[in-house]
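**Student:** Before we start, here is the structure in question, set down as structure tokens.
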Amino acid sequence: TALPISTISNMGATLSTRAQWSSGGAKLDFSPRNESLLRDLDDYVSTLVSQHAREAGVTFKRPFEWKSKLRTNDFESLKSSDAYTTSDTSIVSTATTSLGEPLLRISHTGSGSDVRAWTFAELNIVLRCAGDRSIGEIQACLESNRDPMANIVGVGYGTSDSGGESALLETHERLVRERMRDGGDAANVEDLDNSFRLLLLLESLDVKLLQSSVKEIGKSVRLSADAVENEVNLLKEFAGHDQQSCLRQIEFTSSYRFGNGCRAPPWRQVHGDIAYLHIKPVDTDPRHVTANAAGYYTNKGLKPDGEIDYETTSEIYSSLVGLLKTISHHFAQNIMNQEYRYKGDNEDQADGGRGLVSSDGAVKAGDAQREAERATVKEKKAETSKASESHVRGKKAGGKGKSGKKGLSQQQEFNLGPRSREPTQKWKNLTTVAEVPTKPAPPKSLFDRKGSAPKKSQGRSRVAESVLRSQTDDLYVSESSSDDEEEEDVAERRQETSDLPAEYWQIQKLVRYLKGGNQTATVIALCSMRDFDLTQETCQMAIRDVGGLEVLINLLETSDVRCKIGSLKILRDVSRNASIRTSIADLEGLETMVKMLEVPNKELKCLAAETIANVAKFRRARRTVRQYGGIKKLVDLLQQPVVDKPEEDLDVAMARSGALALWSCSKSTKNKQSIYKAGAVPLLARLLKCSNESVLVPVVGTLQECASEFIYRQMIRTEGMIEDLVKNLGSASEELKMHCASAIFKCAEDEESRDLVRKFDGLGPLVKLLKNSSNKDLLAAATGAIWKCAVSVANVQVFQKLDAVDSLVTLLHNQPEEVLINVVGALGECAKVNANRTVIRKKQGIGPLVGLLTGTNHPLLINVTKAVGACANDLECMTIIDQNDGVRLLWSLLKSPNPAVQSSAAWAICPCIENAKDAGEMVRSFVGGLELIVGLLKSDDEEVLASVCAAIANIAKDEENLAVITDHGVVALLAKLTTTSEGHLRKHLAEAIARCCTWGNNRVAFGVNGAVAPLVGYLSSKLAEVHCATAKALYQLSKDPNNCITMHDSGVVKPLLKMIGARDEELQEAAAGCVSNIRRLALANERARYG
């Protein structure tokens, strides 16, 4: 019986949020947290089945389906069970659901199995068959079933309005009613009882996962500025020159604190630095310590010029005490022996110090000295404060305030040690806080309900806040304030930020008119604000700092159309700033704008869509637009007729703004699906035929963004948009040409689209775009389109006539990596034709290609290895590759952690060995090279295995190299791979085995390692190339009598007899030779038996 739909509303919340997904969202990240999650789930399933068998047999609402890497032989234990029906292609359970579906179905495929499980019991059986690989199976299952709770309890579980407890009670009440009902079905009662118990167990799982998550998060807590201040102030109480002191001295190198509490300069705060300490231990040399958000570590101290050398010289410690214990033996011995408690003295607490007394109330020895030292520090601070005030007043009066420290740089002033220093005026403009409270007030909302702007801590400017926010978001404190306090706040800021332009203050005055004025004053203020250049960051920050964003968003809900239009025009301009976009989303402005897409006023629709286009640049905003139904409303804007209409027409503006917003939203995979379901593709196809450039750019931009999905590429092809994209490659707009080339780049993944580009004469315009080398974005798009189009041989012939290879070779120099990836990819495809390899060689392109093998960019390395491998098929090119040490570089890439790089390097090595002079000696010259390539046979990646087998088949042509790889255990590793069902790997594996049989007793070793019987199975493959390679391997193996017996027992004779009549001569000879060897052995046995 399936579970009831009514279930826990928040069930599975921890499971869904704890998993960390890759940027594409399709795979789980490789992280300790994910590994912990998968192990927890594995343990849970096993425990559930062993301890709660009845609940484990409850049928899911929807089965778990995933592609497993388990092969046929992994399920041997099921074949002997009466509970399962087995065949060559599948394993099916005899038990079924109420609908007649098998509770477990395993369908074998070429590379693994397709699994479909309806209960936890069946799921556990698959995991137990996987053995040590159960974690990988859970990962594959979770990746294919992103919402496992929906599979278990139904899609309605997350939409229940009631809380989790009421949903459980509801399910329990249904169970009680069924029990009390006269004539109730006992079987139904039992099923409901099992379902209810499973719900409780699932809730228990969620609680356990939540507890585990809390522990994981607790391990990654980062330091804050307040924590550093508190720990340093505490250790100051143990510093002094008496015998009981743990330290001689500990001080900050700067007494100046920024508004976020940090003492490090802004350019170091972006790296997480909070402050720098100068510490004098009792028994060792003074040390300079960095307090970073990640922890404490020592740095290299002061350079000769007085600046700090920030380089790390120790491990990172979570506490300063832990670091000091490793530095000073005296500190480690004495710190744990200190007996102390804190005084309740308010004055001391305000000063940041803590009075230290012994447990019996007596003042400790040395305290008088420490009190004197603190008094001295207070006096110095007071003197510095007076000097600072005098300095500021001097600046206001137009004087040139003197610091008294001539000849010192700004960084030297900052690093001179514990003495107080006055920051430069530039730093004052960033923040005006010299000291912040030890315990800041808790953060409040960005704006209060009345629309007043928040008061920044100690008058700190939002301009400065935006500079420092990247690494220290958690340190900022924002307080709401009244209008009077806000006026004082602005006045203080005007004093401290005197270099801000007059526009900043003028805009803030206009925002106040927006808050307090009537309807006419509001319209006038909006018009006046439009007179400023709102694309400048200063003007944008002025609006945000004084709370203007909330006022502008509130105006969107008024009934006055003029106020709405004015507000939207301002929001449209300022939303180009990243921090303002976030603020608009925080203030729920997007929801209001989405609602405005339904109003009859066309101008309002246009402005709302354009603003959405600016705001929806980050994931949360795009999700908000989708969740509030904005995608469908934006698609409706595309229905406007735009053909033969001027750009100023409102219909054209609506279509353009709608396309702009969809372009921004289309960067999300879920939004792409919503756009498709809303019927946008035919509308985009119609707009693509217009001649208005302002409409074409966002339309093509949306198409090229969505073309990463197969369904969009198919629609672009069937709707006839390839022809329009090719046509617009001749546009005067470089931006439009770039987006068209990018769309072709993505669409050319499909062969039909590549043929259409050639049919509509699109290859020529793409080659012409290569001449525009100054526009790197356009160049990257054009080279990408050429690369993908060159996959078709017919297109390569056209490129050959257009001299595209010449142009591509010239682009191998002084280009960014995104261009080089595409250029090298295109050259690799073109180099498959011999004439193009000659062109690359004559244009001096081999050397630059080989030089790129030293890079670290994985996509670039993959393409370079393919290009070098293709060129290596030409003897003259191979000579140049060898002269440039290209083979050694290719071999070194076998050490790459990326399997794609490893496989492409191994494929490239094959033609190099085939065409190199004295290839055997060249391979032996690579120290450890043969051991390295043999070790790759342990890889889990099938492409790596296939490429390495192909390389070994070439290496084994040299007898000495074959002897070396035999010593490295190549026979056992190759034999272990013979159980594979992947045809591509089978071909190269059989070739490698055939080559390796020619040395010593390798034939016998292959038989001992069980490689013969699986090879016989290769003869049933549908790939003719597998037949030929297998026949060669069997022929070599048949020279050993025991192998002949194994082959005969495995039924090799019948398929070989058929292959003797094949058209392939190599296959004929190998098959006939193998049958001949088997027959000779049989005759010899008969003679021995009968004389």
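Chain identifiers are assigned as A, B, and so on, following the order in which chains appear in the structure tokens; residues are numbered from 1 within each chain, and ligands are numbered from 1 in order of appearance.
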Counting only C-alpha atoms, what is within 8 Å of range 896-899 of chain A, bar same-chain residues fewer than 2 positions away, as a PDB file with N, CA, C and O atoms, in the first residue's frame?
**Tutor:**
ATOM      1  N   HIS A 858      42.292  22.901 -17.921  1.00  0.00           N
ATOM      2  CA  HIS A 858      41.932  21.552 -18.348  1.00  0.00           C
ATOM      3  C   HIS A 858      41.216  21.504 -19.696  1.00  0.00           C
ATOM      4  O   HIS A 858      41.571  20.686 -20.545  1.00  0.00           O
ATOM      5  N   SER A 892      53.661  13.569 -19.503  1.00  0.00           N
ATOM      6  CA  SER A 892      53.529  14.170 -18.169  1.00  0.00           C
ATOM      7  C   SER A 892      52.063  14.471 -17.838  1.00  0.00           C
ATOM      8  O   SER A 892      51.682  14.503 -16.665  1.00  0.00           O
ATOM      9  N   LEU A 893      51.236  14.672 -18.874  1.00  0.00           N
ATOM     10  CA  LEU A 893      49.821  14.955 -18.634  1.00  0.00           C
ATOM     11  C   LEU A 893      49.066  13.723 -18.163  1.00  0.00           C
ATOM     12  O   LEU A 893      47.925  13.835 -17.705  1.00  0.00           O
ATOM     13  N   LEU A 894      49.682  12.559 -18.272  1.00  0.00           N
ATOM     14  CA  LEU A 894      49.040  11.357 -17.736  1.00  0.00           C
ATOM     15  C   LEU A 894      48.927  11.419 -16.217  1.00  0.00           C
ATOM     16  O   LEU A 894      48.173  10.665 -15.614  1.00  0.00           O
ATOM     17  N   VAL A 901      41.684  14.821 -19.316  1.00  0.00           N
ATOM     18  CA  VAL A 901      43.034  15.182 -19.750  1.00  0.00           C
ATOM     19  C   VAL A 901      43.882  13.924 -19.910  1.00  0.00           C
ATOM     20  O   VAL A 901      44.636  13.780 -20.883  1.00  0.00           O
ATOM     21  N   GLN A 902      43.757  13.003 -18.968  1.00  0.00           N
ATOM     22  CA  GLN A 902      44.524  11.758 -19.055  1.00  0.00           C
ATOM     23  C   GLN A 902      44.195  10.988 -20.329  1.00  0.00           C
ATOM     24  O   GLN A 902      45.098  10.531 -21.045  1.00  0.00           O
ATOM     25  N   SER A 903      42.901  10.836 -20.615  1.00  0.00           N
ATOM     26  CA  SER A 903      42.506  10.046 -21.785  1.00  0.00           C
ATOM     27  C   SER A 903      42.921  10.715 -23.083  1.00  0.00           C
ATOM     28  O   SER A 903      43.429  10.057 -23.998  1.00  0.00           O
ATOM     29  N   ASP A 941      37.654   5.294 -14.926  1.00  0.00           N
ATOM     30  CA  ASP A 941      37.082   5.958 -16.084  1.00  0.00           C
ATOM     31  C   ASP A 941      37.284   5.089 -17.330  1.00  0.00           C
ATOM     32  O   ASP A 941      38.412   4.728 -17.671  1.00  0.00           O
ATOM     33  N   VAL A 944      39.535   6.585 -20.082  1.00  0.00           N
ATOM     34  CA  VAL A 944      40.955   6.493 -19.717  1.00  0.00           C
ATOM     35  C   VAL A 944      41.460   5.078 -19.983  1.00  0.00           C
ATOM     36  O   VAL A 944      42.541   4.879 -20.561  1.00  0.00           O
TER      37      VAL A 944
END
**Student:** Any idea what's packed within 7 Å of range 827-838 of chain A, counting only C-alpha atoms, ignoring anything in its chain fewer than 6 positions away? Could you give it as a list in words?
**Tutor:** Ala790, Val791, Val796, Val805, Asn863, Lys866, Ala867, Ala870 and Cys871 of chain A
**Student:** What would the file look like if the residues just selected were written as a CSV table (one decimal), in the first residue's frame with N, CA, C and O atoms?
**Tutor:**
chain,number,residue,atom,x,y,z
A,790,ALA,N,33.3,22.5,-37.4
A,790,ALA,CA,34.4,21.7,-38.1
A,790,ALA,C,34.3,20.2,-37.7
A,790,ALA,O,35.1,19.4,-38.2
A,791,VAL,N,33.4,19.8,-36.8
A,791,VAL,CA,33.3,18.4,-36.5
A,791,VAL,C,32.8,17.6,-37.7
A,791,VAL,O,33.1,16.5,-37.9
A,796,VAL,N,34.7,21.0,-42.9
A,796,VAL,CA,36.2,21.2,-42.9
A,796,VAL,C,36.7,21.4,-44.3
A,796,VAL,O,37.6,22.3,-44.6
A,805,VAL,N,42.2,27.7,-41.7
A,805,VAL,CA,43.3,27.2,-40.9
A,805,VAL,C,44.4,28.2,-40.8
A,805,VAL,O,45.0,28.4,-39.7
A,863,ASN,N,41.9,20.0,-25.6
A,863,ASN,CA,41.9,20.3,-27.0
A,863,ASN,C,43.3,20.3,-27.6
A,863,ASN,O,43.5,19.9,-28.7
A,866,LYS,N,44.4,16.8,-28.3
A,866,LYS,CA,43.7,16.2,-29.5
A,866,LYS,C,44.4,16.8,-30.8
A,866,LYS,O,44.6,16.1,-31.7
A,867,ALA,N,44.7,18.1,-30.7
A,867,ALA,CA,45.3,18.7,-31.9
A,867,ALA,C,46.7,18.2,-32.2
A,867,ALA,O,47.0,17.9,-33.3
A,870,ALA,N,46.4,14.7,-33.5
A,870,ALA,CA,46.0,14.7,-35.0
A,870,ALA,C,47.2,15.1,-35.9
A,870,ALA,O,47.4,14.5,-36.9
A,871,CYS,N,48.0,16.1,-35.5
A,871,CYS,CA,49.1,16.5,-36.3
A,871,CYS,C,50.2,15.4,-36.3
A,871,CYS,O,51.0,15.3,-37.2
**Student:** Set the distance at 7 Å and use only C-alpha atoms: which residues neighbour Lys69 in chain A once local chain neighbours fewer than 6 positions away are removed? I'd like the list as a list of chain:residue names.
**Tutor:**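 Those residues are A:Ser111, A:Gly112, A:Ser113.
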**Student:** Quick one: residues within 6 Å of range 79-93 of chain A, only C-alpha atoms, excluding same-chain residues fewer than 5 positions away - as an MDAnalysis selection string?
**Tutor:** chainID A and resid 102 104:108
